[in-house]
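K.L.:
My structure is in query05.txt, and what it holds is compact mmCIF, C-alpha atoms:
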```
# COMPACT_ATOMS: atom_id res chain seq x y z
CA MET G 1 142.99 -138.59 74.33
CA GLU G 2 142.79 -134.90 75.23
CA LYS G 3 139.44 -133.11 75.47
CA THR G 4 138.43 -129.53 74.89
CA ILE G 5 136.40 -128.14 77.75
CA ARG G 6 134.59 -124.86 78.25
CA VAL G 7 133.93 -123.60 81.75
CA LYS G 8 132.79 -120.34 83.29
CA VAL G 9 134.90 -119.50 86.31
CA ASN G 10 134.01 -116.47 88.43
CA GLY G 11 131.91 -115.17 85.54
CA ARG G 12 134.67 -115.49 82.94
CA GLU G 13 134.58 -118.06 80.12
CA TYR G 14 137.58 -120.28 79.47
CA GLU G 15 138.26 -122.88 76.81
CA ARG G 16 141.15 -125.25 77.35
CA VAL G 17 142.43 -128.58 76.08
CA VAL G 18 142.99 -130.96 78.97
CA GLU G 19 143.94 -134.54 79.68
CA PRO G 20 140.98 -136.43 81.20
CA ARG G 21 143.05 -137.23 84.28
CA LEU G 22 143.62 -133.55 85.09
CA LEU G 23 141.92 -132.83 88.40
CA LEU G 24 139.76 -129.74 88.65
CA VAL G 25 141.93 -128.30 91.42
CA HIS G 26 145.06 -128.56 89.24
CA PHE G 27 143.15 -127.07 86.30
CA LEU G 28 142.13 -124.07 88.40
CA ARG G 29 145.54 -123.55 89.97
CA GLU G 30 147.87 -124.36 87.09
CA ASP G 31 145.92 -123.78 83.87
CA LEU G 32 143.88 -120.78 85.04
CA GLU G 33 146.42 -119.59 87.66
CA LEU G 34 143.70 -119.25 90.29
CA THR G 35 145.84 -120.33 93.23
CA GLY G 36 143.41 -119.24 95.93
CA THR G 37 141.95 -122.75 95.91
CA HIS G 38 144.32 -124.76 98.07
CA ILE G 39 145.46 -128.35 97.95
CA GLY G 40 145.59 -129.86 101.42
CA CYS G 41 145.14 -133.59 101.89
CA GLU G 42 144.43 -134.51 98.25
CA THR G 43 142.27 -137.35 99.55
CA THR G 44 138.78 -135.81 99.77
CA VAL G 45 139.06 -135.25 103.48
CA CYS G 46 140.22 -131.73 104.35
CA GLY G 47 138.07 -129.47 102.16
CA ALA G 48 140.83 -126.91 101.46
CA CYS G 49 140.07 -127.27 97.73
CA THR G 50 136.34 -126.53 98.07
CA VAL G 51 134.81 -124.54 95.21
CA LEU G 52 131.22 -124.06 94.08
CA LEU G 53 130.22 -126.09 91.02
CA GLU G 54 126.83 -124.97 89.73
CA GLY G 55 126.34 -123.35 93.14
CA ARG G 56 127.06 -126.48 95.20
CA SER G 57 130.21 -126.93 97.28
CA VAL G 58 132.49 -129.67 96.00
CA LYS G 59 136.05 -130.83 96.61
CA ALA G 60 138.01 -129.91 93.50
CA CYS G 61 140.63 -132.57 94.26
CA SER G 62 138.07 -135.31 93.61
CA ILE G 63 136.61 -134.12 90.33
CA PHE G 64 138.23 -134.24 86.91
CA ALA G 65 138.22 -131.01 84.95
CA VAL G 66 136.40 -132.80 82.11
CA GLN G 67 133.49 -133.44 84.47
CA ALA G 68 133.08 -129.66 84.83
CA ASP G 69 132.78 -129.11 81.06
CA GLY G 70 129.98 -126.63 80.34
CA LYS G 71 129.53 -125.74 83.99
CA GLU G 72 129.90 -122.67 86.19
CA ILE G 73 132.48 -122.58 88.95
CA THR G 74 133.04 -120.06 91.71
CA THR G 75 136.37 -119.96 93.52
CA ILE G 76 137.55 -117.74 96.37
CA GLU G 77 138.79 -115.26 93.76
CA GLY G 78 135.18 -114.77 92.68
CA MET G 79 133.91 -113.71 96.09
CA ALA G 80 135.16 -110.12 96.48
CA SER G 81 133.82 -107.56 94.05
CA HIS G 82 135.55 -104.35 92.96
CA GLY G 83 138.01 -104.61 95.83
CA ASP G 84 135.30 -105.01 98.48
CA MET G 85 135.40 -108.20 100.48
CA HIS G 86 132.38 -110.48 100.38
CA ALA G 87 130.25 -110.54 103.56
CA VAL G 88 131.63 -113.95 104.54
CA GLN G 89 135.23 -112.79 104.02
CA GLU G 90 134.54 -109.63 106.02
CA ALA G 91 133.10 -111.69 108.87
CA PHE G 92 136.12 -114.04 108.95
CA TRP G 93 138.34 -110.94 109.09
CA ASN G 94 136.36 -109.25 111.87
CA GLU G 95 135.89 -112.37 113.99
CA HIS G 96 139.44 -113.73 113.59
CA GLY G 97 138.02 -116.81 111.87
CA LEU G 98 141.50 -117.88 110.78
CA GLN G 99 145.04 -118.15 111.99
CA CYS G 100 147.33 -119.53 109.30
CA GLY G 101 144.64 -119.07 106.66
CA PHE G 102 145.32 -122.24 104.72
CA CYS G 103 141.82 -123.68 105.14
CA THR G 104 140.11 -120.31 104.78
CA PRO G 105 139.33 -120.26 101.04
CA GLY G 106 137.66 -123.68 101.24
CA MET G 107 135.97 -122.79 104.49
CA ILE G 108 134.53 -119.60 102.98
CA MET G 109 133.17 -121.46 99.95
CA SER G 110 131.46 -124.00 102.23
CA VAL G 111 130.02 -121.19 104.34
CA GLU G 112 128.75 -119.47 101.20
CA GLN G 113 126.72 -122.57 100.31
CA LEU G 114 125.61 -123.04 103.91
CA LEU G 115 124.22 -119.50 104.09
CA ASN G 116 122.63 -119.77 100.65
CA ASP G 117 120.76 -122.89 101.83
CA ASN G 118 120.01 -121.62 105.32
CA ALA G 119 120.20 -117.87 105.93
CA ASN G 120 120.00 -118.13 109.70
CA PRO G 121 121.72 -121.34 110.86
CA THR G 122 122.01 -122.47 114.47
CA LYS G 123 125.44 -123.29 115.91
CA ASP G 124 124.73 -126.99 115.36
CA GLU G 125 123.72 -126.37 111.76
CA ILE G 126 126.92 -124.37 111.23
CA ARG G 127 129.03 -127.23 112.63
CA HIS G 128 127.17 -129.69 110.37
CA GLY G 129 127.61 -127.32 107.41
CA ILE G 130 131.40 -127.09 107.75
CA GLU G 131 131.99 -130.74 108.68
CA GLY G 132 133.81 -131.24 105.39
CA ASN G 133 136.41 -128.56 106.11
CA LEU G 134 139.27 -129.13 108.50
CA CYS G 135 141.01 -126.28 110.33
CA ARG G 136 144.10 -127.24 112.29
CA CYS G 137 144.57 -123.87 114.03
CA THR G 138 141.47 -122.28 115.45
CA GLY G 139 139.47 -124.98 117.16
CA TYR G 140 136.56 -123.75 115.00
CA GLN G 141 134.97 -121.47 117.60
CA HIS G 142 136.01 -118.25 115.85
CA ILE G 143 134.94 -119.71 112.53
CA ILE G 144 131.49 -120.41 113.93
CA ASN G 145 131.36 -116.87 115.32
CA ALA G 146 132.32 -115.62 111.86
CA VAL G 147 129.53 -117.60 110.20
CA GLU G 148 127.01 -116.17 112.65
CA ALA G 149 128.33 -112.67 111.97
CA ALA G 150 128.16 -113.25 108.22
CA ALA G 151 124.56 -114.44 108.50
CA LYS G 152 123.68 -111.28 110.43
CA ALA G 153 125.53 -109.07 107.96
CA LYS G 154 123.79 -110.68 105.00
CA ALA G 155 120.39 -110.32 106.68
CA GLY G 156 121.07 -106.62 107.26
CA ALA G 157 122.45 -106.00 103.78
CA MET A 1 148.51 -137.52 93.45
CA ILE A 2 147.72 -137.99 89.82
CA PRO A 3 145.74 -140.92 88.46
CA ALA A 4 146.97 -143.10 85.61
CA ARG A 5 145.93 -142.07 82.09
CA PHE A 6 142.47 -143.01 80.88
CA GLU A 7 140.04 -142.29 78.11
CA TYR A 8 136.90 -140.36 79.00
CA SER A 9 133.41 -140.56 77.54
CA ALA A 10 130.34 -138.66 78.64
CA PRO A 11 127.40 -140.26 76.80
CA GLU A 12 124.02 -138.51 76.86
CA THR A 13 121.87 -141.64 76.74
CA LEU A 14 121.86 -144.89 78.66
CA SER A 15 121.95 -146.94 75.47
CA GLU A 16 125.13 -145.16 74.38
CA ALA A 17 126.66 -145.75 77.82
CA LEU A 18 125.82 -149.46 77.58
CA ARG A 19 127.29 -149.65 74.10
CA LEU A 20 130.54 -148.01 75.25
CA LEU A 21 130.71 -150.25 78.31
CA GLY A 22 130.17 -153.35 76.20
CA SER A 23 132.79 -152.39 73.62
CA ASP A 24 135.72 -151.77 75.97
CA GLY A 25 136.86 -154.34 78.52
CA GLU A 26 138.93 -151.63 80.26
CA ALA A 27 135.91 -149.39 80.81
CA LYS A 28 134.45 -148.49 84.16
CA VAL A 29 131.38 -146.43 84.97
CA LEU A 30 131.88 -143.09 86.76
CA ALA A 31 128.99 -141.78 88.87
CA GLY A 32 129.74 -139.06 91.44
CA GLY A 33 133.34 -140.21 91.77
CA GLN A 34 133.61 -139.70 95.52
CA SER A 35 135.01 -143.20 95.99
CA LEU A 36 136.37 -143.98 92.54
CA VAL A 37 138.37 -140.78 92.00
CA PRO A 38 140.29 -141.09 95.30
CA MET A 39 140.92 -144.77 94.48
CA MET A 40 142.28 -143.75 91.09
CA LYS A 41 144.54 -141.17 92.72
CA PHE A 42 145.97 -143.83 95.00
CA ARG A 43 146.14 -146.07 91.90
CA LEU A 44 144.05 -148.68 93.67
CA ALA A 45 141.92 -148.47 90.53
CA GLN A 46 143.31 -147.86 87.05
CA PRO A 47 140.45 -148.10 84.59
CA GLY A 48 141.53 -147.49 81.00
CA HIS A 49 138.28 -145.76 80.12
CA LEU A 50 135.78 -143.88 82.26
CA ILE A 51 132.17 -143.67 81.17
CA ASP A 52 130.66 -140.72 83.01
CA LEU A 53 126.90 -141.09 83.59
CA ALA A 54 126.47 -137.46 84.69
CA ARG A 55 125.24 -136.24 81.29
CA ILE A 56 122.37 -138.75 81.13
CA PRO A 57 119.37 -136.79 82.42
CA ASP A 58 117.14 -139.89 82.81
CA LEU A 59 119.30 -141.17 85.66
CA ASN A 60 118.63 -138.32 88.08
CA PHE A 61 115.06 -138.40 89.43
CA VAL A 62 112.88 -139.26 92.39
CA ALA A 63 109.37 -140.55 91.65
CA GLU A 64 106.59 -142.46 93.36
CA GLU A 65 105.20 -145.46 91.50
CA ASN A 66 103.34 -148.66 92.47
CA GLY A 67 103.90 -148.40 96.20
CA ALA A 68 107.57 -147.54 95.96
CA ILE A 69 109.85 -144.56 95.58
CA ARG A 70 112.06 -144.92 92.51
CA ILE A 71 115.37 -143.13 92.74
CA GLY A 72 117.62 -142.66 89.72
CA ALA A 73 121.17 -143.94 90.18
CA MET A 74 122.71 -140.48 89.68
CA THR A 75 120.59 -138.83 92.39
CA THR A 76 123.02 -137.26 94.86
CA HIS A 77 123.02 -137.92 98.59
CA ASN A 78 122.11 -134.26 99.07
CA GLN A 79 119.09 -134.67 96.80
CA VAL A 80 117.98 -137.76 98.75
CA GLU A 81 118.54 -135.96 102.06
CA THR A 82 116.43 -132.95 100.99
CA SER A 83 113.78 -134.56 98.75
CA ALA A 84 110.33 -133.74 100.18
CA LEU A 85 108.97 -136.97 98.68
CA ILE A 86 111.66 -139.17 100.27
CA ARG A 87 111.44 -137.38 103.62
CA GLU A 88 107.71 -138.02 103.70
CA LYS A 89 107.48 -141.51 102.20
CA CYS A 90 110.84 -143.11 103.08
CA PRO A 91 112.06 -141.07 106.06
CA LEU A 92 114.76 -143.54 107.11
CA LEU A 93 116.51 -143.11 103.77
CA ALA A 94 116.57 -139.30 104.03
CA LYS A 95 117.84 -139.50 107.63
CA THR A 96 120.60 -141.87 106.57
CA ALA A 97 121.67 -139.79 103.57
CA ALA A 98 122.29 -136.84 105.91
CA HIS A 99 125.02 -138.88 107.65
CA ILE A 100 127.04 -139.77 104.56
CA GLY A 101 130.51 -138.24 104.29
CA ASP A 102 130.26 -134.47 104.51
CA VAL A 103 128.42 -131.67 102.70
CA GLN A 104 130.74 -131.66 99.68
CA VAL A 105 130.66 -135.44 99.33
CA ARG A 106 126.86 -135.40 99.55
CA ASN A 107 126.73 -132.79 96.80
CA ARG A 108 128.62 -135.10 94.42
CA GLY A 109 128.19 -138.68 95.61
CA THR A 110 125.25 -140.65 94.23
CA ILE A 111 123.03 -143.42 95.53
CA GLY A 112 123.82 -145.64 92.55
CA GLY A 113 127.56 -145.12 92.88
CA SER A 114 127.52 -145.84 96.59
CA VAL A 115 125.47 -149.03 96.23
CA VAL A 116 127.65 -150.38 93.40
CA HIS A 117 130.90 -149.49 95.20
CA ALA A 118 129.67 -151.75 98.05
CA ASP A 119 131.92 -150.42 100.76
CA PRO A 120 131.27 -152.60 103.83
CA ALA A 121 130.98 -149.46 105.97
CA ALA A 122 128.80 -147.34 103.66
CA ASP A 123 125.78 -145.77 105.36
CA TYR A 124 123.09 -146.35 102.73
CA PRO A 125 122.86 -150.16 102.91
CA ALA A 126 121.81 -150.09 106.58
CA ALA A 127 118.74 -148.09 105.54
CA LEU A 128 118.15 -149.83 102.22
CA LEU A 129 118.34 -153.33 103.74
CA ALA A 130 116.00 -152.32 106.56
CA MET A 131 113.62 -150.95 103.91
CA GLU A 132 113.92 -154.07 101.72
CA ALA A 133 114.99 -152.00 98.72
CA LYS A 134 115.59 -153.38 95.25
CA VAL A 135 117.94 -152.28 92.49
CA LYS A 136 117.39 -152.22 88.74
CA LEU A 137 120.26 -153.52 86.61
CA VAL A 138 120.28 -152.81 82.89
CA SER A 139 122.46 -154.29 80.18
CA ALA A 140 122.40 -154.19 76.40
CA SER A 141 120.42 -157.45 76.40
CA GLY A 142 117.79 -156.56 78.99
CA GLU A 143 117.10 -155.60 82.56
CA ARG A 144 116.53 -157.32 85.90
CA MET A 145 115.63 -156.43 89.46
CA ALA A 146 117.54 -157.67 92.50
CA GLY A 147 116.98 -157.28 96.23
CA LEU A 148 119.77 -155.31 97.87
CA ASP A 149 120.44 -158.29 100.18
CA GLU A 150 121.34 -160.48 97.20
CA PHE A 151 123.00 -157.61 95.29
CA LEU A 152 125.59 -157.07 98.04
CA VAL A 153 127.74 -160.19 97.72
CA ASP A 154 130.74 -159.22 99.83
CA ALA A 155 133.05 -156.27 100.51
CA LEU A 156 133.35 -154.28 97.23
CA THR A 157 131.65 -157.18 95.41
CA THR A 158 128.15 -157.14 93.95
CA LEU A 159 125.88 -159.08 91.66
CA LEU A 160 126.58 -156.58 88.86
CA GLU A 161 127.89 -158.35 85.77
CA GLU A 162 130.16 -157.02 83.07
CA GLY A 163 128.25 -154.72 80.77
CA GLU A 164 125.55 -153.99 83.36
CA ILE A 165 124.69 -150.60 84.86
CA LEU A 166 122.66 -150.03 88.02
CA THR A 167 120.06 -147.45 86.95
CA GLU A 168 117.53 -147.24 89.79
CA VAL A 169 116.94 -148.00 93.44
CA HIS A 170 113.36 -148.88 94.42
CA VAL A 171 112.36 -148.33 98.03
CA PRO A 172 108.92 -149.46 99.28
CA LEU A 173 106.84 -146.67 100.84
CA GLU A 174 107.08 -146.58 104.60
CA ARG A 175 104.19 -148.33 106.37
CA ALA A 176 101.76 -146.16 108.34
CA GLY A 177 102.88 -145.60 111.92
CA VAL A 178 106.32 -147.17 111.58
CA LEU A 179 109.03 -145.32 113.52
CA THR A 180 112.54 -145.07 112.12
CA ALA A 181 116.05 -144.12 113.17
CA TYR A 182 119.58 -144.23 111.82
CA ARG A 183 122.45 -144.13 114.24
CA THR A 184 126.13 -144.43 113.50
CA LEU A 185 129.43 -144.16 115.29
CA VAL A 186 132.06 -143.13 112.79
CA GLN A 187 135.80 -143.38 112.70
CA PRO A 188 136.54 -139.66 113.06
CA ALA A 189 139.27 -139.38 110.42
CA SER A 190 137.52 -141.25 107.63
CA GLY A 191 133.91 -140.57 108.59
CA PHE A 192 133.03 -144.18 107.83
CA ALA A 193 130.78 -146.15 110.18
CA MET A 194 132.36 -148.52 112.68
CA ALA A 195 128.78 -149.54 113.42
CA GLY A 196 125.80 -147.94 111.71
CA VAL A 197 122.26 -149.12 112.35
CA GLY A 198 119.01 -148.54 110.47
CA VAL A 199 115.83 -149.34 112.40
CA ARG A 200 112.13 -149.51 111.51
CA LEU A 201 109.78 -150.25 114.36
CA GLY A 202 106.00 -150.76 114.37
CA VAL A 203 104.36 -150.52 117.80
CA GLU A 204 100.66 -151.06 118.57
CA ASN A 205 99.31 -150.59 122.08
CA GLY A 206 102.80 -150.89 123.48
CA THR A 207 103.60 -154.15 121.67
CA ILE A 208 106.12 -154.38 118.83
CA THR A 209 104.31 -155.63 115.75
CA PHE A 210 106.98 -155.04 113.10
CA ALA A 211 110.74 -154.70 113.16
CA ARG A 212 113.50 -154.30 110.58
CA VAL A 213 117.08 -153.78 111.70
CA ALA A 214 120.17 -153.62 109.48
CA LEU A 215 123.81 -152.89 110.24
CA THR A 216 126.78 -151.54 108.34
CA GLY A 217 130.48 -151.28 109.17
CA VAL A 218 130.43 -154.37 111.37
CA GLY A 219 130.84 -157.34 109.02
CA SER A 220 132.39 -157.85 105.59
CA LYS A 221 129.11 -156.59 104.16
CA PRO A 222 126.08 -154.78 105.55
CA TYR A 223 123.36 -157.17 106.74
CA ARG A 224 119.89 -157.45 108.18
CA ALA A 225 119.94 -158.56 111.79
CA THR A 226 117.00 -160.97 111.63
CA ALA A 227 117.72 -162.42 115.08
CA VAL A 228 117.26 -158.92 116.53
CA GLU A 229 114.01 -158.50 114.59
CA GLN A 230 112.66 -161.84 115.86
CA ALA A 231 113.56 -160.95 119.43
CA LEU A 232 111.58 -157.71 119.12
CA VAL A 233 108.30 -158.74 117.50
CA GLY A 234 105.58 -159.63 120.00
CA GLN A 235 107.44 -158.05 122.92
CA GLY A 236 106.60 -154.86 124.78
CA ALA A 237 108.39 -151.80 123.43
CA GLY A 238 110.80 -150.73 126.14
CA ALA A 239 114.36 -150.56 127.37
CA GLU A 240 114.51 -154.21 128.52
CA THR A 241 113.22 -155.62 125.25
CA PHE A 242 115.58 -153.37 123.26
CA ALA A 243 118.63 -154.40 125.30
CA ALA A 244 117.78 -158.12 125.09
CA ALA A 245 117.16 -157.96 121.34
CA ALA A 246 120.27 -155.84 120.70
CA ALA A 247 122.43 -158.60 122.18
CA HIS A 248 121.73 -160.54 118.96
CA ALA A 249 123.15 -157.75 116.74
CA THR A 250 126.04 -159.85 115.43
CA ASP A 251 124.54 -163.35 115.56
CA GLY A 252 126.10 -165.39 112.77
CA VAL A 253 128.36 -162.52 111.66
CA ASP A 254 132.15 -162.45 111.65
CA ALA A 255 132.91 -158.95 112.89
CA LEU A 256 135.66 -157.03 111.13
CA SER A 257 138.92 -156.25 112.85
CA ASP A 258 141.04 -153.35 111.64
CA MET A 259 143.31 -150.57 112.87
CA HIS A 260 140.29 -148.59 114.11
CA ALA A 261 138.38 -151.25 116.01
CA SER A 262 138.95 -154.87 116.98
CA ALA A 263 136.28 -157.47 116.26
CA GLU A 264 135.56 -157.75 119.97
CA TYR A 265 135.01 -153.99 120.21
CA ARG A 266 132.78 -154.00 117.12
CA VAL A 267 130.59 -156.80 118.52
CA ASN A 268 130.02 -154.78 121.67
CA LEU A 269 129.58 -151.52 119.76
CA ALA A 270 127.05 -153.10 117.40
CA ALA A 271 124.85 -154.18 120.31
CA VAL A 272 125.09 -150.75 121.93
CA GLN A 273 124.26 -148.99 118.68
CA VAL A 274 121.28 -151.26 117.96
CA ARG A 275 119.88 -150.66 121.43
CA ARG A 276 120.30 -146.90 121.09
CA ALA A 277 118.84 -146.85 117.58
CA LEU A 278 115.79 -148.76 118.85
CA GLU A 279 115.42 -146.21 121.65
CA ASP A 280 115.81 -143.36 119.14
CA ALA A 281 113.09 -144.83 116.93
CA ALA A 282 110.72 -145.52 119.86
CA GLY A 283 111.34 -142.01 121.16
CA SER A 284 110.62 -140.39 117.80
CA ALA A 285 106.85 -141.02 118.08
```
Could the structure of this file be written out as structure tokens, please?

P.N.:
Amino acid sequence: MEKTIRVKVNGREYERVVEPRLLLVHFLREDLELTGTHIGCETTVCGACTVLLEGRSVKACSIFAVQADGKEITTIEGMASHGDMHAVQEAFWNEHGLQCGFCTPGMIMSVEQLLNDNANPTKDEIRHGIEGNLCRCTGYQHIINAVEAAAKAKAGA
Amino acid sequence: MIPARFEYSAPETLSEALRLLGSDGEAKVLAGGQSLVPMMKFRLAQPGHLIDLARIPDLNFVAEENGAIRIGAMTTHNQVETSALIREKCPLLAKTAAHIGDVQVRNRGTIGGSVVHADPAADYPAALLAMEAKVKLVSASGERMAGLDEFLVDALTTLLEEGEILTEVHVPLERAGVLTAYRTLVQPASGFAMAGVGVRLGVENGTITFARVALTGVGSKPYRATAVEQALVGQGAGAETFAAAAAHATDGVDALSDMHASAEYRVNLAAVQVRRALEDAAGSA
């Protein structure tokens, strides 16, 4: 039995008819063509599919699109504005917080929530805050540097 | 990975949820979905009908009443971890919630869903058993309370009957002066405990007057280690007492053996974790 859902993604309203078993990550990528949200492990482990649902980071591979009916979602595509990178994106760029870049969209969404909850995190708090996001390239150190730089940039903004 | 087809309902009241559950033998309740949705993707679970409790506002709350903290089943791990009331009145529960899964899982996963799923390595039961928590089970014909120790029957098996929904967890307020700690060693890939320990310790003038110790991840279900508790009470609080008591961590328990840890390893690990958790609690004064 298909369901009609209405969601607001990156500030834009969408109405779509979906099967209940359609996962949010497939809805975003295939129905809305927002392919910035990546599919990594598909088993709730790697965090590549992290988006913000009502401002909280979630793994879009473990939520059905119908569960998001009536809710607001932010994906990586919603971070930059008018061609200017978001402070977290800028910091990842400046601090080389990525190599292959596959985990980066999910990582940035997790960092966005981390900094919204805690504007000035310690290194330990940063590690705890990104525990749900796996990066197989960088060894995390540059990512942590990027989060610290983003926190500073946001504080100065 | 795409789950099998199912019907989806999102009732806005508990009575409607109970009616739907009672009218469809294929129905299963969906809470935060952090265990159920992955199981459905692997097709380890193929419910024909999901009844999502997320639109029922009465199931998400934290309140103090009659000497206990009442927590609605749909309260997320993140809400438990950050609730000022829980941190103050049931600190062990908040400490434990902070260890569950990762940030994203804690934003979605719920206390009711976790308790009903009854994973033998879930973090919550170690705290909830040590705190002697109860759960409220509601069906179309009435409601009942059950202690968590009787509710957890075996791995992935609970007292919950067909047509029943777990709606609340009741946790007694922490006693004055009791020290608490949660310590876990997790399997790094899954994040699940290979041995997790919740400890509550009352110490007066250097003597242990009260002890509750519960373990998860070690046996086929989480359990209270009463032999450890008995070996603590009346003794002086210190490294020797903790080590001697911790040796009883798996008394009467068949330790699990799996690809991550043999039973022999788990027995040793459980004792080490209990000793360290006792030291953490004693050192938190």

K.L.:
Which residues of chain A come within 8 Å of chain G, and what is each one's closest atom pair and distance in Å (one decimal), counting all atoms listed in the file, sorted by chain and residue number, as a tab-separated table?

P.N.:
```
residue	atom	partner	partner_atom	distance
A:Met1	CA	G:Glu42	CA	7.0
A:Ile2	CA	G:Arg21	CA	7.3
A:Pro3	CA	G:Arg21	CA	6.2
A:Ala4	CA	G:Arg21	CA	7.2
A:Arg5	CA	G:Arg21	CA	6.0
A:Phe6	CA	G:Arg21	CA	6.7
A:Glu7	CA	G:Met1	CA	6.1
A:Tyr8	CA	G:Pro20	CA	6.1
A:Gly33	CA	G:Ser62	CA	7.1
A:Gln34	CA	G:Ser62	CA	6.5
A:Val37	CA	G:Ser62	CA	5.7
A:Pro38	CA	G:Thr43	CA	6.0
A:Asp52	CA	G:Gln67	CA	7.9
A:Gly101	CA	G:Gly132	CA	7.8
A:Asp102	CA	G:Gly132	CA	4.9
A:Val103	CA	G:Gly132	CA	6.0
A:Gln104	CA	G:Val58	CA	4.5
A:Val105	CA	G:Val58	CA	6.9
A:Asn107	CA	G:Arg56	CA	6.5
A:Arg108	CA	G:Val58	CA	6.9
A:Ser190	CA	G:Val45	CA	7.5
```

K.L.:
Determine, counting only C-alpha atoms, which protein, DNA and RNA residues have an atom within 10 Å of an atom of Val178 in chain A; residues of the same chain fewer than 4 positions away are not included. Present the result as a list in words.

P.N.:
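My list of contacting residues is Glu174, Val199, Arg200, Leu201, Gly202, Val203, Glu204, Thr209, Phe210, Ala211, Ala281, Ala282 and Ala285 of chain A.
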
K.L.:
In Å, with one decimal, what is the gap from CA of Val116 in chain A to CA of Leu166 in chain A?

P.N.:
7.3 Å

K.L.:
To one decimal in Å, tell me the separation between CA of Cys90 in chain A and CA of Met74 in chain A.

P.N.:
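CA of Cys90 in chain A sits 18.1 Å away from CA of Met74 in chain A.
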
K.L.:
Neighbouring residues of Gln141 in chain G were defined as those with any atom within 9 Å, considering only C-alpha atoms; residues of the same chain fewer than 4 positions away were excluded. Please report them as a PDB file with C-alpha atoms, in the frame of the given file.

P.N.:
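Once everything was written out, this is out-v8.pdb:
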```
ATOM      1  CA  GLY G  97     138.020-116.810 111.870  1.00  0.00           C
ATOM      2  CA  ASN G 145     131.360-116.870 115.320  1.00  0.00           C
ATOM      3  CA  ALA G 146     132.320-115.620 111.860  1.00  0.00           C
TER       4      ALA G 146
END
```

K.L.:
For Ile165 in chain A, list every protein, DNA or RNA residue within 9 Å, evaluated using all atoms listed in the file, and leave out those in the same chain fewer than 5 positions away; present the list as a list in words.

P.N.:
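Result of the neighbour search: Leu14, Ala17, Leu18, Leu21, Val29, Lys136, Leu137, Val138, Ser139 and Leu160 of chain A.
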
K.L.:
What is the CA of Thr13 in chain A-CA of Thr96 in chain A distance in Å, reported with one decimal?

P.N.:
29.9 Å

K.L.:
Between G:Ala87, G:Cys100, G:Leu32, G:Met109, which has the minimum distance to Arg136 in chain G (counting only C-alpha atoms)?

P.N.:
G:Cys100

K.L.:
For range 170-173 of chain A, I'd like the enclosing box, axis-aligned and padded by 6 Å on every side, reported as JSON with centre and edge lengths in Å to one decimal.

P.N.:
```
{"center_x": 110.1, "center_y": -148.1, "center_z": 97.6, "size_x": 18.5, "size_y": 14.8, "size_z": 18.4}
```

K.L.:
Anything within 9 Å of (127.4, -121.2, 106.4): list those residues as an MDAnalysis selection string, counting all atoms listed in the file and sticking to the file's coordinates.

P.N.:
chainID G and resid 88 107:121 125:127 129:130 144 147:148 150:151

K.L.:
With C-alpha atoms retained, could you export that selection as a CSV table (one decimal), in the frame of the given file?

P.N.:
```
chain,number,residue,atom,x,y,z
G,88,VAL,CA,131.6,-114.0,104.5
G,107,MET,CA,136.0,-122.8,104.5
G,108,ILE,CA,134.5,-119.6,103.0
G,109,MET,CA,133.2,-121.5,100.0
G,110,SER,CA,131.5,-124.0,102.2
G,111,VAL,CA,130.0,-121.2,104.3
G,112,GLU,CA,128.8,-119.5,101.2
G,113,GLN,CA,126.7,-122.6,100.3
G,114,LEU,CA,125.6,-123.0,103.9
G,115,LEU,CA,124.2,-119.5,104.1
G,116,ASN,CA,122.6,-119.8,100.6
G,117,ASP,CA,120.8,-122.9,101.8
G,118,ASN,CA,120.0,-121.6,105.3
G,119,ALA,CA,120.2,-117.9,105.9
G,120,ASN,CA,120.0,-118.1,109.7
G,121,PRO,CA,121.7,-121.3,110.9
G,125,GLU,CA,123.7,-126.4,111.8
G,126,ILE,CA,126.9,-124.4,111.2
G,127,ARG,CA,129.0,-127.2,112.6
G,129,GLY,CA,127.6,-127.3,107.4
G,130,ILE,CA,131.4,-127.1,107.8
G,144,ILE,CA,131.5,-120.4,113.9
G,147,VAL,CA,129.5,-117.6,110.2
G,148,GLU,CA,127.0,-116.2,112.6
G,150,ALA,CA,128.2,-113.2,108.2
G,151,ALA,CA,124.6,-114.4,108.5
```

K.L.:
Just the residues within 8 Å of range 181-183 of chain A, please, counting all atoms listed in the file, with nothing from its chain fewer than 6 positions along; format it as a PyMOL selection string.

P.N.:
chain A and resi 92+95-96+127+196-200+273+276-278+280-281

K.L.:
Near Leu156 in chain A, within 6 Å and counting only C-alpha atoms, which residues show up once chain neighbours fewer than 4 positions away are dropped, as an MDAnalysis selection string?

P.N.:
chainID A and resid 117:119

K.L.:
Counting all atoms listed in the file, which of A:Val169, A:Ala249, A:Ala73, A:Ile208 gets nearest to Leu30 in chain A?

P.N.:
A:Ala73

K.L.:
I need every residue sitting at most 7 Å from the point (143.4, -122.1, 98.6) (coordinates as in the file, all atoms listed in the file considered), written as a PyMOL selection string.

P.N.:
chain G and resi 35-39+48-49+102-103+105-106
